[in-house]
$ cat structure.tsv   # TSV, C-alpha atoms
chain	number	residue	atom	x	y	z
A	12	MET	CA	11.51	-13.86	11.51
A	13	GLU	CA	15.27	-13.78	10.99
A	14	SER	CA	17.23	-10.58	10.35
A	15	ARG	CA	17.99	-11.65	6.80
A	16	ALA	CA	14.30	-11.76	5.94
A	17	ILE	CA	13.64	-8.37	7.56
A	18	ALA	CA	16.59	-6.77	5.73
A	19	ARG	CA	15.47	-8.21	2.38
A	20	ILE	CA	11.86	-7.13	2.92
A	21	ALA	CA	13.01	-3.61	3.78
A	22	LEU	CA	15.35	-3.59	0.81
A	23	LEU	CA	12.67	-4.56	-1.71
A	24	ALA	CA	10.38	-1.91	-0.21
A	25	ALA	CA	13.17	0.60	-0.83
A	26	VAL	CA	13.71	-0.72	-4.37
A	27	ILE	CA	10.01	-0.11	-5.11
A	28	ALA	CA	10.46	3.46	-3.86
A	29	VAL	CA	13.67	4.07	-5.84
A	30	LEU	CA	12.22	2.66	-9.07
A	31	GLY	CA	9.29	5.06	-8.68
A	32	MET	CA	11.66	8.01	-8.33
A	33	LEU	CA	13.96	7.42	-11.28
A	34	PRO	CA	13.39	10.33	-13.62
A	35	SER	CA	15.07	8.42	-16.42
A	36	ILE	CA	12.29	5.85	-16.34
A	37	VAL	CA	9.28	8.01	-15.48
A	38	LEU	CA	6.94	8.36	-18.43
A	39	PRO	CA	4.45	11.18	-18.92
A	40	ILE	CA	1.16	10.72	-17.15
A	41	ALA	CA	-2.09	9.61	-18.72
A	42	ALA	CA	-5.50	9.96	-17.07
A	43	GLY	CA	-3.91	10.93	-13.77
A	44	VAL	CA	-2.26	7.64	-12.87
A	45	PRO	CA	1.47	8.15	-13.43
A	46	ILE	CA	3.27	5.47	-15.42
A	47	THR	CA	6.53	4.69	-13.70
A	48	ALA	CA	8.77	1.76	-12.96
A	49	GLN	CA	7.14	1.46	-9.53
A	50	THR	CA	5.06	-1.58	-10.54
A	51	LEU	CA	8.29	-3.15	-11.82
A	52	GLY	CA	9.46	-3.08	-8.20
A	53	VAL	CA	6.21	-4.67	-7.04
A	54	MET	CA	6.56	-7.51	-9.57
A	55	LEU	CA	10.18	-8.05	-8.51
A	56	ALA	CA	9.24	-8.13	-4.80
A	57	GLY	CA	6.93	-11.11	-5.36
A	58	ILE	CA	9.25	-12.87	-7.80
A	59	ILE	CA	12.38	-12.46	-5.68
A	60	LEU	CA	11.04	-12.81	-2.12
A	61	GLY	CA	8.17	-15.23	-2.69
A	62	PRO	CA	4.49	-14.70	-1.83
A	63	ARG	CA	4.60	-14.00	1.92
A	64	HIS	CA	7.74	-11.91	2.16
A	65	GLY	CA	7.01	-10.21	-1.16
A	66	ALA	CA	3.59	-9.10	0.03
A	67	LEU	CA	5.14	-7.96	3.33
A	68	ALA	CA	7.70	-5.86	1.45
A	69	VAL	CA	4.91	-4.13	-0.50
A	70	LEU	CA	2.84	-3.72	2.67
A	71	LEU	CA	5.85	-2.09	4.33
A	72	PHE	CA	6.24	0.24	1.34
A	73	VAL	CA	2.55	1.23	1.48
A	74	PHE	CA	2.80	1.71	5.26
A	75	VAL	CA	5.81	4.02	4.98
A	76	VAL	CA	4.03	5.98	2.23
A	77	LEU	CA	0.94	6.40	4.42
A	78	LEU	CA	3.16	7.51	7.31
A	79	GLY	CA	4.10	10.42	5.07
A	80	ALA	CA	7.30	9.50	3.21
A	81	PRO	CA	7.02	11.00	-0.31
A	82	LEU	CA	7.97	7.75	-2.02
A	83	LEU	CA	5.09	7.25	-4.44
A	84	ALA	CA	5.82	8.00	-8.07
A	85	GLY	CA	5.59	11.77	-8.48
A	86	GLY	CA	6.73	12.39	-4.90
A	87	ARG	CA	3.35	11.78	-3.29
A	88	GLY	CA	2.87	10.31	0.15
A	89	GLY	CA	0.81	10.72	3.29
A	90	LEU	CA	-2.76	9.90	4.20
A	91	GLY	CA	-4.20	11.83	1.24
A	92	VAL	CA	-3.19	8.88	-0.92
A	93	LEU	CA	-5.96	6.85	0.73
A	94	PHE	CA	-8.61	9.20	-0.66
A	95	SER	CA	-7.22	9.46	-4.16
A	96	PRO	CA	-9.26	7.77	-6.94
A	97	SER	CA	-6.26	5.62	-7.85
A	98	VAL	CA	-5.94	4.14	-4.33
A	99	GLY	CA	-7.07	0.75	-5.67
A	100	PHE	CA	-3.84	0.48	-7.62
A	101	LEU	CA	-1.79	1.18	-4.49
A	102	ILE	CA	-3.67	-1.32	-2.31
A	103	GLY	CA	-3.55	-3.76	-5.24
A	104	PHE	CA	0.25	-3.79	-5.05
A	105	VAL	CA	-0.01	-6.13	-2.04
A	106	PRO	CA	-2.07	-8.96	-3.60
A	107	ALA	CA	-0.20	-8.38	-6.88
A	108	ALA	CA	3.15	-9.18	-5.23
A	109	TYR	CA	1.60	-12.11	-3.35
A	110	VAL	CA	0.17	-13.69	-6.51
A	111	ALA	CA	3.38	-13.05	-8.46
A	112	GLY	CA	5.25	-14.88	-5.70
A	113	LEU	CA	2.78	-17.78	-5.73
A	114	VAL	CA	3.04	-18.21	-9.50
A	115	MET	CA	6.84	-18.00	-9.38
A	116	ALA	CA	6.98	-20.70	-6.69
A	117	ARG	CA	4.63	-22.94	-8.70
A	118	LEU	CA	6.65	-22.74	-11.91
A	119	LYS	CA	9.89	-24.15	-10.53
A	120	THR	CA	10.42	-26.39	-13.55
A	121	LEU	CA	10.38	-23.50	-16.04
A	122	PRO	CA	13.48	-21.39	-16.75
A	123	VAL	CA	13.68	-18.29	-14.52
A	124	PHE	CA	12.86	-15.90	-17.36
A	125	ALA	CA	9.66	-17.71	-18.42
A	126	ALA	CA	8.46	-18.29	-14.86
A	127	ALA	CA	9.11	-14.66	-13.88
A	128	LEU	CA	7.34	-13.38	-17.00
A	129	VAL	CA	4.19	-15.39	-16.23
A	130	ALA	CA	4.37	-14.35	-12.56
A	131	ALA	CA	4.75	-10.67	-13.48
A	132	VAL	CA	1.84	-10.75	-15.94
A	133	VAL	CA	-0.56	-12.63	-13.65
A	134	GLY	CA	0.36	-10.71	-10.47
A	135	GLY	CA	1.50	-7.33	-11.73
A	136	ILE	CA	-1.08	-6.92	-14.49
A	137	VAL	CA	-4.15	-9.15	-13.96
A	138	VAL	CA	-4.42	-8.89	-10.16
A	139	GLU	CA	-3.16	-5.28	-10.06
A	140	TYR	CA	-5.67	-4.09	-12.69
A	141	LEU	CA	-8.51	-5.92	-10.99
A	142	CYS	CA	-7.83	-4.04	-7.74
A	143	GLY	CA	-7.41	-0.74	-9.56
A	144	ILE	CA	-10.68	-1.20	-11.42
A	145	ILE	CA	-12.55	-2.05	-8.22
A	146	GLY	CA	-11.05	1.08	-6.64
A	147	LEU	CA	-12.15	3.29	-9.55
A	148	MET	CA	-15.65	1.82	-9.40
A	149	ALA	CA	-15.94	2.37	-5.64
A	150	ILE	CA	-14.37	5.84	-5.35
A	151	ALA	CA	-14.98	7.42	-8.73
A	152	ARG	CA	-18.36	5.69	-9.28
A	153	MET	CA	-17.24	4.58	-12.72
A	154	THR	CA	-18.95	1.62	-14.40
A	155	PRO	CA	-16.85	-1.55	-14.81
A	156	LEU	CA	-16.51	-0.87	-18.55
A	157	GLN	CA	-15.41	2.75	-18.03
A	158	SER	CA	-12.81	1.69	-15.46
A	159	LEU	CA	-11.56	-1.07	-17.74
A	160	VAL	CA	-11.10	1.40	-20.62
A	161	ALA	CA	-9.40	3.95	-18.33
A	162	THR	CA	-7.02	1.24	-17.07
A	163	ALA	CA	-6.29	-0.35	-20.46
A	164	VAL	CA	-4.29	2.76	-21.38
A	165	PHE	CA	-1.49	1.43	-19.18
A	166	ALA	CA	-1.45	-2.13	-20.52
A	167	PRO	CA	1.31	-1.62	-23.15
A	168	GLY	CA	3.63	-0.05	-20.59
A	169	ASP	CA	2.94	-2.80	-18.08
A	170	VAL	CA	3.64	-5.55	-20.60
A	171	LEU	CA	7.05	-3.92	-21.15
A	172	LYS	CA	7.56	-3.80	-17.39
A	173	ALA	CA	6.67	-7.50	-17.04
A	174	LEU	CA	9.32	-8.28	-19.68
A	175	ALA	CA	11.80	-6.09	-17.80
A	176	ALA	CA	10.94	-7.86	-14.52
A	177	ALA	CA	11.58	-11.26	-16.11
A	178	PHE	CA	14.87	-10.06	-17.58
A	179	VAL	CA	16.00	-8.51	-14.30
A	180	ALA	CA	15.03	-11.64	-12.33
A	181	GLU	CA	16.97	-13.87	-14.69
A	182	ALA	CA	20.07	-11.67	-14.76
A	183	ALA	CA	20.00	-11.22	-10.97
A	184	HIS	CA	19.65	-14.99	-10.54
A	185	ARG	CA	22.71	-15.56	-12.74
A	186	SER	CA	24.96	-13.02	-11.01
A	187	TYR	CA	23.83	-13.77	-7.43
A	188	PRO	CA	22.40	-17.30	-7.16
A	189	ALA	CA	20.94	-16.60	-3.69
A	190	ALA	CA	18.87	-13.75	-5.14
A	191	ILE	CA	15.58	-15.52	-5.81
A	192	ALA	CA	14.09	-17.12	-2.70
A	193	CYS	CA	12.41	-20.12	-4.33
A	194	ARG	CA	15.40	-20.93	-6.55
A	195	SER	CA	18.22	-20.90	-4.05
B	67	MET	CA	13.88	14.55	-0.79
B	68	MET	CA	12.52	13.54	2.61
B	69	THR	CA	12.04	17.16	3.63
B	70	ASP	CA	9.43	18.02	1.00
B	71	GLY	CA	6.66	18.07	3.59
B	72	LEU	CA	8.32	20.56	5.92
B	73	VAL	CA	6.02	23.49	6.62
B	74	PRO	CA	6.25	26.26	9.19
B	75	THR	CA	5.03	25.16	12.62
B	76	SER	CA	1.38	26.03	13.19
B	77	TRP	CA	-1.45	25.39	15.63
B	78	LEU	CA	-2.23	22.21	13.70
B	79	HIS	CA	1.23	20.83	14.55
B	80	ARG	CA	0.38	21.09	18.23
B	81	VAL	CA	-2.85	19.07	17.97
B	82	PRO	CA	-2.06	15.44	19.05
B	83	ALA	CA	-1.71	13.02	16.13
B	84	GLY	CA	-4.44	10.75	17.50
B	85	VAL	CA	-6.95	13.60	17.56
B	86	LYS	CA	-6.11	14.55	13.99
B	87	LEU	CA	-6.50	10.97	12.78
B	88	ALA	CA	-9.82	10.55	14.61
B	89	GLY	CA	-11.03	13.87	13.18
B	90	LEU	CA	-10.07	12.79	9.68
B	91	ALA	CA	-11.94	9.50	10.05
B	92	LEU	CA	-15.00	11.26	11.47
B	93	LEU	CA	-15.04	13.86	8.69
B	94	SER	CA	-14.74	11.21	6.00
B	95	VAL	CA	-17.88	9.56	7.37
B	96	LEU	CA	-19.75	12.85	7.83
B	97	LEU	CA	-18.94	14.11	4.32
B	98	LEU	CA	-20.07	10.96	2.54
B	99	PRO	CA	-23.83	11.73	2.54
B	100	VAL	CA	-23.37	15.45	1.75
B	101	GLY	CA	-25.01	16.05	-1.63
B	102	ASP	CA	-25.05	19.86	-1.65
B	103	TRP	CA	-22.17	21.33	-3.64
B	104	ARG	CA	-22.39	24.62	-1.68
B	105	ILE	CA	-21.42	22.96	1.62
B	106	LEU	CA	-18.50	21.18	-0.09
B	107	ALA	CA	-17.42	24.41	-1.79
B	108	GLY	CA	-17.40	26.12	1.62
B	109	ALA	CA	-15.27	23.31	3.05
B	110	LEU	CA	-12.87	23.56	0.10
B	111	ALA	CA	-12.53	27.31	0.59
B	112	ALA	CA	-11.77	26.83	4.30
B	113	ILE	CA	-9.14	24.18	3.54
B	114	ALA	CA	-7.61	26.35	0.80
B	115	ALA	CA	-7.27	29.16	3.35
B	116	VAL	CA	-5.33	26.85	5.71
B	117	TYR	CA	-3.02	25.81	2.85
B	118	ALA	CA	-2.50	29.43	1.91
B	119	GLY	CA	-1.52	30.09	5.52
B	120	PHE	CA	1.42	27.73	5.07
B	121	GLY	CA	2.80	29.92	2.28
B	122	ARG	CA	5.12	28.38	-0.29
B	123	ALA	CA	5.37	24.99	1.43
B	124	GLY	CA	1.57	24.65	1.31
B	125	MET	CA	1.48	25.63	-2.35
B	126	ALA	CA	4.26	23.14	-3.15
B	127	ARG	CA	2.09	20.45	-1.62
B	128	LEU	CA	-0.85	21.44	-3.82
B	129	VAL	CA	1.31	21.29	-6.96
B	130	LEU	CA	1.99	17.61	-6.19
B	131	LEU	CA	-1.72	16.93	-6.73
B	132	ARG	CA	-1.68	18.27	-10.28
B	133	PRO	CA	-1.26	14.84	-11.92
B	134	LEU	CA	-4.64	13.89	-10.44
B	135	LEU	CA	-6.45	16.68	-12.31
B	136	PRO	CA	-7.16	14.81	-15.57
B	137	LEU	CA	-8.60	11.89	-13.62
B	138	LEU	CA	-10.82	14.22	-11.57
B	139	VAL	CA	-12.07	15.85	-14.78
B	140	VAL	CA	-12.90	12.45	-16.29
B	141	ILE	CA	-14.69	11.33	-13.11
B	142	GLY	CA	-16.67	14.57	-12.88
B	143	GLY	CA	-17.53	14.48	-16.57
B	144	LEU	CA	-18.79	10.90	-16.48
B	145	GLN	CA	-20.86	11.57	-13.37
B	146	ALA	CA	-22.25	14.79	-14.85
B	147	ALA	CA	-23.24	12.99	-18.05
B	148	ALA	CA	-25.06	10.31	-16.07
B	149	ASP	CA	-26.70	12.29	-13.24
B	150	GLY	CA	-26.37	15.97	-14.06
B	151	TRP	CA	-23.90	18.73	-13.25
B	152	ASN	CA	-24.69	18.81	-9.53
B	153	ALA	CA	-23.71	15.16	-9.08
B	154	GLY	CA	-20.50	15.69	-11.07
B	155	ALA	CA	-19.49	18.72	-9.02
B	156	VAL	CA	-20.30	16.95	-5.73
B	157	ILE	CA	-18.19	13.87	-6.38
B	158	VAL	CA	-15.16	15.86	-7.56
B	159	MET	CA	-15.38	18.31	-4.67
B	160	ARG	CA	-15.82	15.57	-2.09
B	161	LEU	CA	-12.74	13.77	-3.39
B	162	MET	CA	-10.75	17.01	-3.26
B	163	VAL	CA	-11.90	17.88	0.27
B	164	MET	CA	-10.87	14.48	1.63
B	165	LEU	CA	-7.56	14.44	-0.27
B	166	LEU	CA	-6.59	17.89	0.96
B	167	LEU	CA	-7.72	17.21	4.54
B	168	ALA	CA	-5.74	13.98	4.74
B	169	ASP	CA	-2.69	15.72	3.26
B	170	LEU	CA	-3.09	18.42	5.88
B	171	VAL	CA	-2.83	15.81	8.63
B	172	SER	CA	0.30	14.35	7.03
B	173	MET	CA	1.86	17.79	6.57
B	174	THR	CA	1.47	18.72	10.21
B	175	THR	CA	2.29	15.37	11.86
B	176	THR	CA	5.72	13.78	12.13
B	177	MET	CA	6.20	10.14	11.16
B	178	SER	CA	7.31	9.24	14.67
B	179	ALA	CA	4.13	10.76	16.14
B	180	LEU	CA	2.02	8.65	13.77
B	181	MET	CA	4.03	5.54	14.67
B	182	GLU	CA	3.36	6.21	18.36
B	183	VAL	CA	-0.38	6.51	17.75
B	184	LEU	CA	-0.28	3.18	15.92
B	185	ALA	CA	1.78	1.42	18.63
B	186	PRO	CA	-1.30	0.14	20.54
B	187	ALA	CA	-2.64	-1.31	17.29
B	188	PHE	CA	0.61	-3.24	16.81
B	189	ARG	CA	0.38	-4.58	20.36
B	190	VAL	CA	-3.10	-5.91	19.58
B	191	LEU	CA	-1.67	-7.66	16.51
B	192	ARG	CA	1.15	-9.22	18.55
B	193	PRO	CA	-0.55	-12.64	18.91
B	194	LEU	CA	-0.70	-12.75	15.10
B	195	GLY	CA	3.08	-12.60	14.94
B	196	VAL	CA	3.56	-8.85	14.55
B	197	ASP	CA	6.62	-7.79	16.55
B	198	PRO	CA	6.59	-4.00	17.16
B	199	ARG	CA	10.39	-3.97	17.58
B	200	LYS	CA	10.90	-5.62	14.20
B	201	MET	CA	8.27	-3.36	12.59
B	202	ALA	CA	10.19	-0.32	13.79
B	203	LEU	CA	13.46	-1.80	12.50
B	204	ALA	CA	11.89	-2.52	9.09
B	205	VAL	CA	10.54	1.04	8.76
B	206	ALA	CA	13.88	2.52	9.79
B	207	LEU	CA	15.70	0.26	7.32
B	208	VAL	CA	13.46	1.37	4.43
B	209	LEU	CA	14.03	5.04	5.23
B	210	ARG	CA	17.79	4.42	5.36
B	211	PHE	CA	17.92	2.17	2.28
B	212	VAL	CA	16.15	4.66	-0.02
B	213	PRO	CA	18.87	7.35	-0.06
B	214	VAL	CA	21.62	4.68	-0.08
B	215	LEU	CA	20.11	2.91	-3.09
B	216	MET	CA	19.48	6.25	-4.78
B	217	THR	CA	23.18	7.15	-4.46
B	218	ARG	CA	24.30	3.73	-5.68
B	219	TRP	CA	21.95	3.96	-8.69
B	220	ARG	CA	23.19	7.47	-9.56
B	221	ALA	CA	26.78	6.22	-9.54
B	222	ARG	CA	25.86	3.45	-12.00
B	223	GLU	CA	23.91	5.86	-14.16
B	224	GLU	CA	26.81	8.31	-14.31
B	225	ALA	CA	29.29	5.55	-15.14
B	226	TRP	CA	27.02	4.43	-18.00
B	227	LYS	CA	26.50	7.95	-19.32
B	228	ALA	CA	30.21	8.71	-19.22
B	229	ARG	CA	30.78	5.84	-21.64
B	230	THR	CA	27.89	6.02	-24.06
B	231	ASN	CA	24.92	8.08	-25.18
B	232	ARG	CA	22.66	5.05	-25.45
B	233	ARG	CA	19.62	4.60	-23.23
B	234	ILE	CA	20.02	2.82	-19.92
B	235	PRO	CA	19.44	-0.89	-20.58
B	236	PRO	CA	17.49	-3.27	-18.28
B	237	ARG	CA	20.70	-5.16	-17.53
B	238	LEU	CA	21.90	-2.13	-15.58
B	239	VAL	CA	18.77	-2.42	-13.42
B	240	ALA	CA	19.41	-6.16	-13.07
B	241	ALA	CA	22.95	-5.64	-11.79
B	242	PHE	CA	21.63	-2.97	-9.45
B	243	VAL	CA	18.99	-5.31	-7.99
B	244	ALA	CA	21.44	-8.20	-7.56
B	245	ASP	CA	23.93	-5.89	-5.88
B	246	SER	CA	21.29	-4.42	-3.61
B	247	LEU	CA	20.22	-7.90	-2.47
B	248	GLN	CA	23.80	-8.64	-1.49
B	249	LEU	CA	23.78	-5.36	0.42
B	250	ALA	CA	20.64	-6.47	2.30
B	251	ASP	CA	22.22	-9.81	3.17
B	252	ARG	CA	25.32	-8.05	4.50
B	253	VAL	CA	23.15	-5.68	6.57
B	254	ALA	CA	21.40	-8.74	8.04
B	255	GLU	CA	24.75	-10.29	8.98
B	256	ALA	CA	25.78	-7.00	10.60
B	257	LEU	CA	22.51	-6.90	12.58
B	258	ASP	CA	23.02	-10.45	13.82
B	259	ALA	CA	26.63	-9.71	14.70
B	260	ARG	CA	25.39	-6.89	16.89
B	261	GLY	CA	22.96	-9.16	18.66
B	262	PHE	CA	19.74	-8.08	17.00
B	263	GLY	CA	19.22	-11.61	15.67
B	264	THR	CA	16.32	-13.36	17.36
B	265	SER	CA	16.82	-16.66	19.13
B	266	ALA	CA	19.68	-18.99	18.25
B	267	VAL	CA	17.11	-21.41	16.81
B	268	ASP	CA	15.92	-18.74	14.42
B	269	ARG	CA	19.36	-18.03	13.07
B	270	GLN	CA	20.41	-19.94	9.99
B	271	PRO	CA	23.53	-19.79	7.88
B	272	PRO	CA	22.89	-17.96	4.58
B	273	ARG	CA	21.53	-20.29	1.95
B	274	SER	CA	23.40	-20.46	-1.29
$ encode --input "structure.tsv" --output "structure tokens"
Amino acid sequence: MESRAIARIALLAAVIAVLGMLPSIVLPIAAGVPITAQTLGVMLAGIILGPRHGALAVLLFVFVVLLGAPLLAGGRGGLGVLFSPSVGFLIGFVPAAYVAGLVMARLKTLPVFAAALVAAVVGGIVVEYLCGIIGLMAIARMTPLQSLVATAVFAPGDVLKALAAAFVAEAAHRSYPAAIACRS
Amino acid sequence: MMTDGLVPTSWLHRVPAGVKLAGLALLSVLLLPVGDWRILAGALAAIAAVYAGFGRAGMARLVLLRPLLPLLVVIGGLQAAADGWNAGAVIVMRLMVMLLLADLVSMTTTMSALMEVLAPAFRVLRPLGVDPRKMALAVALVLRFVPVLMTRWRAREEAWKARTNRRIPPRLVAAFVADSLQLADRVAEALDARGFGTSAVDRQPPRS
């Protein structure tokens, strides 16, 4: 793997961390899973880096968090995260970025905004929620319906974040044409 | 920001990281079948005592868990409604015991010690294309990028706020992301210039 890929993967991992820390974007919590711009970073990782490198960036972020860096939204980090009921959402970041990258690469004929929006919704919402729901069912022993209801609280915020991801991807593509891997 | 986890040195700091990780894994398996809330309450009390021993740093760590409280209440309530109060108490207490234990390991172990414990695992993964040297570089880059990006974002935020009272628009985030990507590409060029770049075959001119 070339240095450029490593630097970009590390950078997107850092962007995910920074977006989770911005107090100006952090919204009040609901049901214990903080709503922050962190998932915006996950969507962008897949959209910008493509499936493989995007998933690696998220994996790197999760790895650094587990090593103890307090980079999760709310300043959490360390191994305790693995035993938290919302761990499914964290693990789900990886397939979410991968799927977002896959969708983005498939929709090359669409304008960047439209392709990124679909990628963000499919990866960052559908796949991400699926993993979170499975996690809640396994760790919190919730029924599928209960987990779905508990998760649906975040849907409006995540739709806004998908729109933001599409907007950011398009604007970044315009100002730095080499930004998006599958479009350069 | 990165010093939040600093606690006074204790006997737990001196236990090797590998032993702590193995102990954590073992306890997570042992605690799973425990259905008696009194045993779990005893474990919680013991863990609380260790946290208290760390003084303010330990308490600060506990405060970070507060956002999880509503979720724990919901989980306990649902379980209690389905299987009775005992079941509700057991599931909430078991979650808390494991969370606090794992946090204890993280609090008393440095990142580099954890990386060293994991090094043999990376060597096993080597045939799959995992290069330990590049892994270490990637982790170091993330830890360096976070404060750099934070500073660059703050500068943008201040510039925006000095000019207007309006909320920060997404286009500010967009410019930030595009700029950061250029930063990453320049860092890559700097790495290659210093000979980190892999083989000559691997190296390609930047695509445009």
$ atom_distance --input "structure.tsv" --atom1 "atom CA of Gly86 of chain A" --atom2 "atom CA of Leu130 of chain B"
7.2 Å
$ interface_residues --input "structure.tsv" --of "chain A" --to "chain B" --cutoff "7 Å" --atoms "only C-alpha atoms" --output "PyMOL selection string"
chain A and resi 13-15+17-19+21-22+24-25+28-29+42-43+75+78-81+87+89-91+94-95+151+175+179+182-183+186-190+195
$ closest_residue --input "structure.tsv" --among "A:Ala176, A:Ala163, A:Ala130, A:Leu141" --to "Gly61 of chain A" --atoms "all atoms listed in the file"
A:Ala130
$ atom_distance --input "structure.tsv" --atom1 "atom CA of Leu110 of chain B" --atom2 "atom CA of Ile145 of chain A"
26.9 Å
$ build_atoms --input "structure.tsv" --residues "segment 86-102 of chain A" --atoms "N, CA and C atoms" --output "short mmCIF file (atom, residue, chain, number, x, y, z; two decimals), in the coordinates of the input"
data_model
loop_
_atom_site.label_atom_id
_atom_site.label_comp_id
_atom_site.auth_asym_id
_atom_site.auth_seq_id
_atom_site.Cartn_x
_atom_site.Cartn_y
_atom_site.Cartn_z
N GLY A 86 6.43 11.76 -6.18
CA GLY A 86 6.73 12.39 -4.90
C GLY A 86 5.55 12.52 -3.96
N ARG A 87 4.49 11.71 -4.19
CA ARG A 87 3.35 11.78 -3.29
C ARG A 87 3.53 10.85 -2.10
N GLY A 88 2.83 11.15 -1.02
CA GLY A 88 2.87 10.31 0.15
C GLY A 88 1.93 10.91 1.18
N GLY A 89 1.71 10.19 2.27
CA GLY A 89 0.81 10.72 3.29
C GLY A 89 -0.58 10.13 3.17
N LEU A 90 -1.43 10.51 4.11
CA LEU A 90 -2.76 9.90 4.20
C LEU A 90 -3.67 10.28 3.04
N GLY A 91 -3.37 11.41 2.36
CA GLY A 91 -4.20 11.83 1.24
C GLY A 91 -4.29 10.77 0.16
N VAL A 92 -3.24 9.95 0.06
CA VAL A 92 -3.19 8.88 -0.92
C VAL A 92 -4.41 7.95 -0.78
N LEU A 93 -4.84 7.75 0.46
CA LEU A 93 -5.96 6.85 0.73
C LEU A 93 -7.26 7.34 0.08
N PHE A 94 -7.36 8.65 -0.15
CA PHE A 94 -8.61 9.20 -0.66
C PHE A 94 -8.50 9.55 -2.14
N SER A 95 -7.38 9.17 -2.75
CA SER A 95 -7.22 9.46 -4.16
C SER A 95 -7.95 8.38 -4.98
N PRO A 96 -8.49 8.74 -6.15
CA PRO A 96 -9.26 7.77 -6.94
C PRO A 96 -8.42 6.56 -7.35
N SER A 97 -7.09 6.73 -7.39
CA SER A 97 -6.26 5.62 -7.85
C SER A 97 -5.76 4.77 -6.68
N VAL A 98 -6.42 4.88 -5.50
CA VAL A 98 -5.94 4.14 -4.33
C VAL A 98 -6.00 2.63 -4.56
N GLY A 99 -6.95 2.18 -5.40
CA GLY A 99 -7.07 0.75 -5.67
C GLY A 99 -5.78 0.16 -6.23
N PHE A 100 -5.09 0.95 -7.05
CA PHE A 100 -3.84 0.48 -7.62
C PHE A 100 -2.77 0.32 -6.54
N LEU A 101 -2.78 1.24 -5.57
CA LEU A 101 -1.79 1.18 -4.49
C LEU A 101 -2.05 -0.03 -3.59
N ILE A 102 -3.32 -0.18 -3.15
CA ILE A 102 -3.67 -1.32 -2.31
C ILE A 102 -3.42 -2.62 -3.09
#
